[in-house]
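Source file: work07.txt; contents: compact mmCIF, N, CA and C atoms.
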# COMPACT_ATOMS: atom_id res chain seq x y z
N MET A 337 -12.46 -2.98 11.06
CA MET A 337 -11.34 -2.31 10.45
C MET A 337 -10.42 -3.36 9.81
N GLN A 338 -9.78 -2.94 8.75
CA GLN A 338 -8.80 -3.78 8.08
C GLN A 338 -7.47 -3.04 8.07
N TYR A 339 -6.40 -3.80 7.93
CA TYR A 339 -5.07 -3.22 7.81
C TYR A 339 -4.55 -3.54 6.42
N ILE A 340 -4.14 -2.51 5.70
CA ILE A 340 -3.77 -2.66 4.30
C ILE A 340 -2.36 -2.15 4.09
N ALA A 341 -1.56 -2.91 3.37
CA ALA A 341 -0.19 -2.50 3.06
C ALA A 341 0.04 -2.61 1.56
N PHE A 342 0.68 -1.59 0.99
CA PHE A 342 1.01 -1.57 -0.42
C PHE A 342 2.51 -1.60 -0.61
N ASP A 343 2.96 -2.40 -1.55
CA ASP A 343 4.35 -2.41 -2.00
C ASP A 343 4.28 -2.07 -3.48
N SER A 344 4.58 -0.82 -3.81
CA SER A 344 4.36 -0.33 -5.17
C SER A 344 5.62 -0.35 -6.01
N TYR A 345 5.44 -0.72 -7.25
CA TYR A 345 6.49 -0.74 -8.25
C TYR A 345 6.07 0.14 -9.41
N LYS A 346 6.85 0.18 -10.45
CA LYS A 346 6.57 1.08 -11.57
C LYS A 346 5.24 0.77 -12.26
N ARG A 347 4.97 -0.51 -12.50
CA ARG A 347 3.78 -0.88 -13.28
C ARG A 347 2.69 -1.61 -12.48
N TYR A 348 2.97 -1.94 -11.23
CA TYR A 348 1.98 -2.65 -10.43
C TYR A 348 2.22 -2.41 -8.94
N THR A 349 1.22 -2.77 -8.14
CA THR A 349 1.30 -2.69 -6.69
C THR A 349 0.88 -4.03 -6.11
N LEU A 350 1.64 -4.49 -5.12
CA LEU A 350 1.26 -5.68 -4.38
C LEU A 350 0.52 -5.22 -3.12
N ALA A 351 -0.68 -5.73 -2.93
CA ALA A 351 -1.51 -5.32 -1.80
C ALA A 351 -1.70 -6.49 -0.85
N SER A 352 -1.64 -6.20 0.43
CA SER A 352 -1.92 -7.18 1.46
C SER A 352 -2.97 -6.57 2.39
N ILE A 353 -4.08 -7.28 2.57
CA ILE A 353 -5.18 -6.79 3.38
C ILE A 353 -5.47 -7.82 4.46
N GLU A 354 -5.49 -7.35 5.71
CA GLU A 354 -5.73 -8.26 6.84
C GLU A 354 -6.86 -7.71 7.70
N GLY A 355 -7.77 -8.57 8.07
CA GLY A 355 -8.87 -8.18 8.94
C GLY A 355 -8.43 -8.10 10.39
N ALA A 356 -8.91 -7.11 11.11
CA ALA A 356 -8.53 -6.94 12.51
C ALA A 356 -9.15 -8.02 13.40
N LYS A 357 -10.33 -8.49 13.04
CA LYS A 357 -11.02 -9.48 13.87
C LYS A 357 -10.58 -10.90 13.59
N ASN A 358 -10.56 -11.28 12.32
CA ASN A 358 -10.26 -12.67 12.01
C ASN A 358 -8.82 -12.92 11.60
N GLY A 359 -8.05 -11.88 11.32
CA GLY A 359 -6.64 -12.03 10.97
C GLY A 359 -6.39 -12.65 9.61
N ARG A 360 -7.43 -12.89 8.85
CA ARG A 360 -7.25 -13.48 7.53
C ARG A 360 -6.65 -12.45 6.58
N ALA A 361 -5.71 -12.93 5.79
CA ALA A 361 -5.04 -12.04 4.86
C ALA A 361 -5.48 -12.33 3.43
N PHE A 362 -5.56 -11.27 2.66
CA PHE A 362 -5.86 -11.35 1.24
C PHE A 362 -4.74 -10.61 0.52
N GLU A 363 -4.20 -11.21 -0.49
CA GLU A 363 -3.14 -10.56 -1.25
C GLU A 363 -3.54 -10.45 -2.71
N ALA A 364 -3.12 -9.34 -3.33
CA ALA A 364 -3.47 -9.13 -4.74
C ALA A 364 -2.37 -8.33 -5.43
N ARG A 365 -2.25 -8.56 -6.70
CA ARG A 365 -1.37 -7.76 -7.56
C ARG A 365 -2.27 -6.84 -8.38
N ILE A 366 -2.05 -5.55 -8.27
CA ILE A 366 -2.88 -4.57 -8.94
C ILE A 366 -2.06 -3.91 -10.04
N GLU A 367 -2.46 -4.13 -11.27
CA GLU A 367 -1.79 -3.47 -12.39
C GLU A 367 -2.15 -1.98 -12.35
N HIS A 368 -1.20 -1.12 -12.69
CA HIS A 368 -1.43 0.32 -12.64
C HIS A 368 -2.17 0.81 -13.88
N TRP A 369 -3.42 1.09 -13.70
CA TRP A 369 -4.23 1.81 -14.67
C TRP A 369 -5.22 2.64 -13.86
N ARG A 370 -5.70 3.69 -14.45
CA ARG A 370 -6.56 4.63 -13.73
C ARG A 370 -7.75 3.90 -13.09
N GLY A 371 -7.87 4.05 -11.77
CA GLY A 371 -8.99 3.48 -11.03
C GLY A 371 -8.78 2.08 -10.48
N SER A 372 -7.66 1.43 -10.82
CA SER A 372 -7.46 0.04 -10.38
C SER A 372 -7.30 -0.09 -8.87
N ILE A 373 -6.56 0.82 -8.27
CA ILE A 373 -6.36 0.77 -6.81
C ILE A 373 -7.66 1.13 -6.09
N LYS A 374 -8.31 2.15 -6.59
CA LYS A 374 -9.59 2.56 -5.99
C LYS A 374 -10.62 1.43 -6.08
N GLU A 375 -10.62 0.71 -7.19
CA GLU A 375 -11.55 -0.40 -7.37
C GLU A 375 -11.37 -1.48 -6.30
N LEU A 376 -10.11 -1.83 -6.01
CA LEU A 376 -9.84 -2.81 -4.96
C LEU A 376 -10.25 -2.26 -3.59
N LEU A 377 -9.87 -1.03 -3.30
CA LEU A 377 -10.11 -0.46 -1.98
C LEU A 377 -11.58 -0.14 -1.71
N ASN A 378 -12.38 0.00 -2.75
CA ASN A 378 -13.81 0.23 -2.54
C ASN A 378 -14.48 -0.95 -1.84
N ARG A 379 -13.85 -2.11 -1.88
CA ARG A 379 -14.38 -3.30 -1.20
C ARG A 379 -13.92 -3.39 0.25
N CYS A 380 -13.05 -2.49 0.66
CA CYS A 380 -12.51 -2.50 2.03
C CYS A 380 -13.38 -1.63 2.94
N GLU A 381 -13.21 -1.83 4.23
CA GLU A 381 -13.96 -1.05 5.21
C GLU A 381 -13.51 0.40 5.21
N PRO A 382 -14.45 1.36 5.13
CA PRO A 382 -14.08 2.78 5.15
C PRO A 382 -13.29 3.13 6.41
N GLY A 383 -12.31 3.99 6.25
CA GLY A 383 -11.50 4.43 7.37
C GLY A 383 -10.33 3.53 7.71
N SER A 384 -10.20 2.40 7.03
CA SER A 384 -9.08 1.49 7.29
C SER A 384 -7.76 2.14 6.87
N PRO A 385 -6.70 1.92 7.64
CA PRO A 385 -5.40 2.51 7.28
C PRO A 385 -4.70 1.73 6.16
N VAL A 386 -3.99 2.48 5.31
CA VAL A 386 -3.23 1.90 4.21
C VAL A 386 -1.80 2.41 4.30
N ALA A 387 -0.84 1.50 4.46
CA ALA A 387 0.57 1.89 4.48
C ALA A 387 1.09 1.92 3.04
N VAL A 388 1.71 3.05 2.67
CA VAL A 388 2.22 3.24 1.32
C VAL A 388 3.65 3.75 1.42
N GLU A 389 4.56 3.11 0.68
CA GLU A 389 5.95 3.57 0.65
C GLU A 389 6.05 4.88 -0.13
N THR A 390 6.97 5.73 0.29
CA THR A 390 7.20 6.99 -0.41
C THR A 390 8.16 6.75 -1.57
N VAL A 391 7.67 6.05 -2.57
CA VAL A 391 8.45 5.81 -3.78
C VAL A 391 8.07 6.86 -4.81
N GLY A 392 8.72 6.84 -5.96
CA GLY A 392 8.54 7.87 -6.97
C GLY A 392 7.12 8.07 -7.47
N ASN A 393 6.27 7.07 -7.36
CA ASN A 393 4.92 7.20 -7.91
C ASN A 393 3.83 7.19 -6.84
N TRP A 394 4.11 7.55 -5.63
CA TRP A 394 3.15 7.43 -4.54
C TRP A 394 2.02 8.44 -4.60
N TYR A 395 2.22 9.60 -5.20
CA TYR A 395 1.25 10.69 -5.13
C TYR A 395 -0.11 10.31 -5.74
N TRP A 396 -0.14 9.69 -6.92
CA TRP A 396 -1.42 9.32 -7.53
C TRP A 396 -2.04 8.13 -6.80
N ILE A 397 -1.20 7.28 -6.20
CA ILE A 397 -1.71 6.15 -5.43
C ILE A 397 -2.46 6.67 -4.21
N VAL A 398 -1.90 7.68 -3.55
CA VAL A 398 -2.56 8.28 -2.38
C VAL A 398 -3.88 8.93 -2.78
N ASP A 399 -3.92 9.55 -3.96
CA ASP A 399 -5.19 10.13 -4.44
C ASP A 399 -6.27 9.06 -4.55
N GLU A 400 -5.94 7.90 -5.10
CA GLU A 400 -6.93 6.83 -5.24
C GLU A 400 -7.32 6.24 -3.88
N ILE A 401 -6.36 6.16 -2.97
CA ILE A 401 -6.65 5.67 -1.62
C ILE A 401 -7.68 6.58 -0.95
N GLU A 402 -7.45 7.89 -1.02
CA GLU A 402 -8.36 8.84 -0.40
C GLU A 402 -9.73 8.82 -1.06
N GLU A 403 -9.78 8.68 -2.39
CA GLU A 403 -11.06 8.62 -3.10
C GLU A 403 -11.87 7.39 -2.69
N ALA A 404 -11.19 6.32 -2.29
CA ALA A 404 -11.87 5.09 -1.87
C ALA A 404 -12.37 5.16 -0.43
N GLY A 405 -12.04 6.22 0.30
CA GLY A 405 -12.54 6.37 1.67
C GLY A 405 -11.72 5.68 2.73
N VAL A 406 -10.50 5.27 2.39
CA VAL A 406 -9.59 4.71 3.38
C VAL A 406 -8.47 5.72 3.63
N VAL A 407 -7.66 5.49 4.66
CA VAL A 407 -6.72 6.51 5.13
C VAL A 407 -5.27 6.13 4.79
N PRO A 408 -4.60 6.94 3.95
CA PRO A 408 -3.21 6.63 3.61
C PRO A 408 -2.26 7.00 4.75
N GLY A 409 -1.22 6.20 4.89
CA GLY A 409 -0.15 6.49 5.84
C GLY A 409 1.16 6.28 5.11
N LEU A 410 1.91 7.36 4.91
CA LEU A 410 3.16 7.25 4.15
C LEU A 410 4.26 6.67 5.01
N VAL A 411 5.02 5.76 4.43
CA VAL A 411 6.10 5.08 5.12
C VAL A 411 7.40 5.35 4.36
N HIS A 412 8.41 5.81 5.05
CA HIS A 412 9.72 6.02 4.44
C HIS A 412 10.45 4.68 4.50
N SER A 413 10.59 4.02 3.34
CA SER A 413 11.05 2.63 3.32
C SER A 413 12.41 2.40 3.97
N PRO A 414 13.43 3.25 3.77
CA PRO A 414 14.69 2.97 4.47
C PRO A 414 14.54 2.99 6.00
N ASN A 415 13.73 3.92 6.51
CA ASN A 415 13.53 3.98 7.96
C ASN A 415 12.74 2.78 8.45
N ALA A 416 11.76 2.33 7.69
CA ALA A 416 10.98 1.16 8.08
C ALA A 416 11.87 -0.07 8.16
N LYS A 417 12.78 -0.22 7.21
CA LYS A 417 13.70 -1.36 7.23
C LYS A 417 14.63 -1.30 8.43
N LEU A 418 15.04 -0.10 8.81
CA LEU A 418 15.88 0.04 10.01
C LEU A 418 15.11 -0.40 11.25
N MET A 419 13.84 0.02 11.35
CA MET A 419 13.04 -0.33 12.51
C MET A 419 12.80 -1.84 12.59
N LEU A 420 12.74 -2.49 11.46
CA LEU A 420 12.54 -3.93 11.44
C LEU A 420 13.85 -4.71 11.63
N GLY A 421 14.97 -3.99 11.63
CA GLY A 421 16.26 -4.64 11.81
C GLY A 421 16.77 -5.32 10.56
N ILE A 422 16.24 -4.94 9.39
CA ILE A 422 16.66 -5.57 8.14
C ILE A 422 17.99 -4.99 7.67
N GLN A 423 18.19 -3.71 7.86
CA GLN A 423 19.44 -3.08 7.42
C GLN A 423 20.41 -2.99 8.60
N ASN A 424 21.66 -3.13 8.30
CA ASN A 424 22.68 -2.98 9.30
C ASN A 424 23.11 -1.51 9.34
N ILE A 425 22.84 -0.82 10.45
CA ILE A 425 23.14 0.62 10.53
C ILE A 425 24.63 0.89 10.73
N TRP A 426 25.43 -0.12 10.97
CA TRP A 426 26.85 0.08 11.21
C TRP A 426 27.70 -0.01 9.96
N CYS A 427 27.10 -0.19 8.82
CA CYS A 427 27.87 -0.29 7.57
C CYS A 427 28.36 1.06 7.11
So that I can check it, write out the structure of this file as C-alpha cells.
Amino acid sequence: MQYIAFDSYKRYTLASIEGAKNGRAFEARIEHWRGSIKELLNRCEPGSPVAVETVGNWYWIVDEIEEAGVVPGLVHSPNAKLMLGIQNIWC
C-alpha cells in the first residue's frame, strides 16, 4: 500500500506518494489536463488512499482518482490545519 496526498491549485496539483514498507517519498507536480492525475495514479498500488482537499475543483480530481483504482479521502483543509496545530483557534 502507498499513502498519497494531493495539494491542488487552480492549474496544477502537487502530489506526494509514500510507500508503507520503505517510507520512500516521491513528489510530483501534475499540470491539470484531462487524464493527467489518472496517468500518475495508474502507477500506484490499487486501493491506496489519496487525501484530497475540498477545494473548488476537487470533484473532477476525485473522478480521476476513482478511475485509477485508488481510494479518495476528502479533507476539509481548515479542520486539518486545526488538528495539526497550525491555526490558532483563539483568534
Measuring between all atoms listed in the file, which one of A:Phe342, A:Val406, A:His412, A:Glu400 shows the shortest distance to Gly371 in chain A?
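The closest residue to Gly371 in chain A is A:Glu400.
For range 344-412 of chain A, a DSSP pass over the backbone yields strand (DSSP E) at Ser344, Tyr348, Thr349, Leu350, Ala351, Ser352, Ile353, Glu354, Gly355, Ala361, Phe362, Glu363, Ala364, Arg365, Ile366, Glu367, Pro385, Val386, Ala387, Val388, Glu389, Val407, Pro408, Gly409, Leu410 and Val411 of chain A.
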Output N, CA and C atoms for every residue in that selection, as a compact mmCIF listing (two decimals), keeping the file's coordinate frame.
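What landed in again_17.txt:
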# COMPACT_ATOMS: atom_id res chain seq x y z
N SER A 344 4.58 -0.82 -3.81
CA SER A 344 4.36 -0.33 -5.17
C SER A 344 5.62 -0.35 -6.01
N TYR A 348 2.97 -1.94 -11.23
CA TYR A 348 1.98 -2.65 -10.43
C TYR A 348 2.22 -2.41 -8.94
N THR A 349 1.22 -2.77 -8.14
CA THR A 349 1.30 -2.69 -6.69
C THR A 349 0.88 -4.03 -6.11
N LEU A 350 1.64 -4.49 -5.12
CA LEU A 350 1.26 -5.68 -4.38
C LEU A 350 0.52 -5.22 -3.12
N ALA A 351 -0.68 -5.73 -2.93
CA ALA A 351 -1.51 -5.32 -1.80
C ALA A 351 -1.70 -6.49 -0.85
N SER A 352 -1.64 -6.20 0.43
CA SER A 352 -1.92 -7.18 1.46
C SER A 352 -2.97 -6.57 2.39
N ILE A 353 -4.08 -7.28 2.57
CA ILE A 353 -5.18 -6.79 3.38
C ILE A 353 -5.47 -7.82 4.46
N GLU A 354 -5.49 -7.35 5.71
CA GLU A 354 -5.73 -8.26 6.84
C GLU A 354 -6.86 -7.71 7.70
N GLY A 355 -7.77 -8.57 8.07
CA GLY A 355 -8.87 -8.18 8.94
C GLY A 355 -8.43 -8.10 10.39
N ALA A 361 -5.71 -12.93 5.79
CA ALA A 361 -5.04 -12.04 4.86
C ALA A 361 -5.48 -12.33 3.43
N PHE A 362 -5.56 -11.27 2.66
CA PHE A 362 -5.86 -11.35 1.24
C PHE A 362 -4.74 -10.61 0.52
N GLU A 363 -4.20 -11.21 -0.49
CA GLU A 363 -3.14 -10.56 -1.25
C GLU A 363 -3.54 -10.45 -2.71
N ALA A 364 -3.12 -9.34 -3.33
CA ALA A 364 -3.47 -9.13 -4.74
C ALA A 364 -2.37 -8.33 -5.43
N ARG A 365 -2.25 -8.56 -6.70
CA ARG A 365 -1.37 -7.76 -7.56
C ARG A 365 -2.27 -6.84 -8.38
N ILE A 366 -2.05 -5.55 -8.27
CA ILE A 366 -2.88 -4.57 -8.94
C ILE A 366 -2.06 -3.91 -10.04
N GLU A 367 -2.46 -4.13 -11.27
CA GLU A 367 -1.79 -3.47 -12.39
C GLU A 367 -2.15 -1.98 -12.35
N PRO A 385 -6.70 1.92 7.64
CA PRO A 385 -5.40 2.51 7.28
C PRO A 385 -4.70 1.73 6.16
N VAL A 386 -3.99 2.48 5.31
CA VAL A 386 -3.23 1.90 4.21
C VAL A 386 -1.80 2.41 4.30
N ALA A 387 -0.84 1.50 4.46
CA ALA A 387 0.57 1.89 4.48
C ALA A 387 1.09 1.92 3.04
N VAL A 388 1.71 3.05 2.67
CA VAL A 388 2.22 3.24 1.32
C VAL A 388 3.65 3.75 1.42
N GLU A 389 4.56 3.11 0.68
CA GLU A 389 5.95 3.57 0.65
C GLU A 389 6.05 4.88 -0.13
N VAL A 407 -7.66 5.49 4.66
CA VAL A 407 -6.72 6.51 5.13
C VAL A 407 -5.27 6.13 4.79
N PRO A 408 -4.60 6.94 3.95
CA PRO A 408 -3.21 6.63 3.61
C PRO A 408 -2.26 7.00 4.75
N GLY A 409 -1.22 6.20 4.89
CA GLY A 409 -0.15 6.49 5.84
C GLY A 409 1.16 6.28 5.11
N LEU A 410 1.91 7.36 4.91
CA LEU A 410 3.16 7.25 4.15
C LEU A 410 4.26 6.67 5.01
N VAL A 411 5.02 5.76 4.43
CA VAL A 411 6.10 5.08 5.12
C VAL A 411 7.40 5.35 4.36
Tell me which of A:Ser352, A:Val411, A:Glu367, A:Pro382 sits closest to Trp394 in chain A, counting only C-alpha atoms.
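Selected residue with least distance to Trp394 in chain A: A:Val411.
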Pick out each residue of chain A that DSSP on the backbone tags as helix (DSSP H, G or I); I need them as a PyMOL selection string.
chain A and resi 372-377+394-403+413-420
Write out, as a JSON list (two decimals), in the coordinates of the input, the residues just selected, with N, CA and C atoms.
[["chain", "number", "residue", "atom", "x", "y", "z"],
["A", 372, "SER", "N", -7.66, 1.43, -10.82],
["A", 372, "SER", "CA", -7.46, 0.04, -10.38],
["A", 372, "SER", "C", -7.30, -0.09, -8.87],
["A", 373, "ILE", "N", -6.56, 0.82, -8.27],
["A", 373, "ILE", "CA", -6.36, 0.77, -6.81],
["A", 373, "ILE", "C", -7.66, 1.13, -6.09],
["A", 374, "LYS", "N", -8.31, 2.15, -6.59],
["A", 374, "LYS", "CA", -9.59, 2.56, -5.99],
["A", 374, "LYS", "C", -10.62, 1.43, -6.08],
["A", 375, "GLU", "N", -10.62, 0.71, -7.19],
["A", 375, "GLU", "CA", -11.55, -0.40, -7.37],
["A", 375, "GLU", "C", -11.37, -1.48, -6.30],
["A", 376, "LEU", "N", -10.11, -1.83, -6.01],
["A", 376, "LEU", "CA", -9.84, -2.81, -4.96],
["A", 376, "LEU", "C", -10.25, -2.26, -3.59],
["A", 377, "LEU", "N", -9.87, -1.03, -3.30],
["A", 377, "LEU", "CA", -10.11, -0.46, -1.98],
["A", 377, "LEU", "C", -11.58, -0.14, -1.71],
["A", 394, "TRP", "N", 4.11, 7.55, -5.63],
["A", 394, "TRP", "CA", 3.15, 7.43, -4.54],
["A", 394, "TRP", "C", 2.02, 8.44, -4.60],
["A", 395, "TYR", "N", 2.22, 9.60, -5.20],
["A", 395, "TYR", "CA", 1.25, 10.69, -5.13],
["A", 395, "TYR", "C", -0.11, 10.31, -5.74],
["A", 396, "TRP", "N", -0.14, 9.69, -6.92],
["A", 396, "TRP", "CA", -1.42, 9.32, -7.53],
["A", 396, "TRP", "C", -2.04, 8.13, -6.80],
["A", 397, "ILE", "N", -1.20, 7.28, -6.20],
["A", 397, "ILE", "CA", -1.71, 6.15, -5.43],
["A", 397, "ILE", "C", -2.46, 6.67, -4.21],
["A", 398, "VAL", "N", -1.90, 7.68, -3.55],
["A", 398, "VAL", "CA", -2.56, 8.28, -2.38],
["A", 398, "VAL", "C", -3.88, 8.93, -2.78],
["A", 399, "ASP", "N", -3.92, 9.55, -3.96],
["A", 399, "ASP", "CA", -5.19, 10.13, -4.44],
["A", 399, "ASP", "C", -6.27, 9.06, -4.55],
["A", 400, "GLU", "N", -5.94, 7.90, -5.10],
["A", 400, "GLU", "CA", -6.93, 6.83, -5.24],
["A", 400, "GLU", "C", -7.32, 6.24, -3.88],
["A", 401, "ILE", "N", -6.36, 6.16, -2.97],
["A", 401, "ILE", "CA", -6.65, 5.67, -1.62],
["A", 401, "ILE", "C", -7.68, 6.58, -0.95],
["A", 402, "GLU", "N", -7.45, 7.89, -1.02],
["A", 402, "GLU", "CA", -8.36, 8.84, -0.40],
["A", 402, "GLU", "C", -9.73, 8.82, -1.06],
["A", 403, "GLU", "N", -9.78, 8.68, -2.39],
["A", 403, "GLU", "CA", -11.06, 8.62, -3.10],
["A", 403, "GLU", "C", -11.87, 7.39, -2.69],
["A", 413, "SER", "N", 10.59, 4.02, 3.34],
["A", 413, "SER", "CA", 11.05, 2.63, 3.32],
["A", 413, "SER", "C", 12.41, 2.40, 3.97],
["A", 414, "PRO", "N", 13.43, 3.25, 3.77],
["A", 414, "PRO", "CA", 14.69, 2.97, 4.47],
["A", 414, "PRO", "C", 14.54, 2.99, 6.00],
["A", 415, "ASN", "N", 13.73, 3.92, 6.51],
["A", 415, "ASN", "CA", 13.53, 3.98, 7.96],
["A", 415, "ASN", "C", 12.74, 2.78, 8.45],
["A", 416, "ALA", "N", 11.76, 2.33, 7.69],
["A", 416, "ALA", "CA", 10.98, 1.16, 8.08],
["A", 416, "ALA", "C", 11.87, -0.07, 8.16],
["A", 417, "LYS", "N", 12.78, -0.22, 7.21],
["A", 417, "LYS", "CA", 13.70, -1.36, 7.23],
["A", 417, "LYS", "C", 14.63, -1.30, 8.43],
["A", 418, "LEU", "N", 15.04, -0.10, 8.81],
["A", 418, "LEU", "CA", 15.88, 0.04, 10.01],
["A", 418, "LEU", "C", 15.11, -0.40, 11.25],
["A", 419, "MET", "N", 13.84, 0.02, 11.35],
["A", 419, "MET", "CA", 13.04, -0.33, 12.51],
["A", 419, "MET", "C", 12.80, -1.84, 12.59],
["A", 420, "LEU", "N", 12.74, -2.49, 11.46],
["A", 420, "LEU", "CA", 12.54, -3.93, 11.44],
["A", 420, "LEU", "C", 13.85, -4.71, 11.63]]
Centre and size of axis-aligned box enclosing range 358-373 of chain A plus 3 Å each side, as JSON:
{"center_x": -5.9, "center_y": -4.4, "center_z": -1.2, "size_x": 15.4, "size_y": 24.1, "size_z": 33.0}
Find the spatial neighbours of Gly359 in chain A, counting only C-alpha atoms, within a cut-off of 12 Å - ignore same-chain residues fewer than 3 positions away - and output them as number ranges by chain.
A: 337-340, 352-356, 362
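Distances to Glu403 in chain A were evaluated for A:Thr390, A:Glu381, A:Lys374, A:Tyr345 using only N, CA and C atoms, and the minimum falls at A:Lys374.
Considering the residues A:Thr349, A:Val386, A:Ala361, A:Asp343 and counting only N, CA and C atoms, Ile401 in chain A has its shortest atom-to-atom contact with A:Val386.
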Which one of A:Asn378, A:Ala387, A:Tyr348, A:Gly392 sits closest to Val407 in chain A if you count only N, CA and C atoms?
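Result for the nearest residue to Val407 in chain A: A:Ala387.
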From the options A:Arg360, A:Ile397, A:Gly383, A:His368, which residue's atoms come nearest to Lys346 in chain A, counting only N, CA and C atoms?
A:His368
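In this model, the gap between atom C of Glu402 in chain A and atom C of Lys357 in chain A comes to 24.6 Å.
Note that the spacing between atom N of Gly409 in chain A and atom N of Ser344 in chain A amounts to 12.6 Å.
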Two-atom distance - atom C of Asp399 in chain A, atom C of Leu376 in chain A (Å)
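The value is 12.0 Å.
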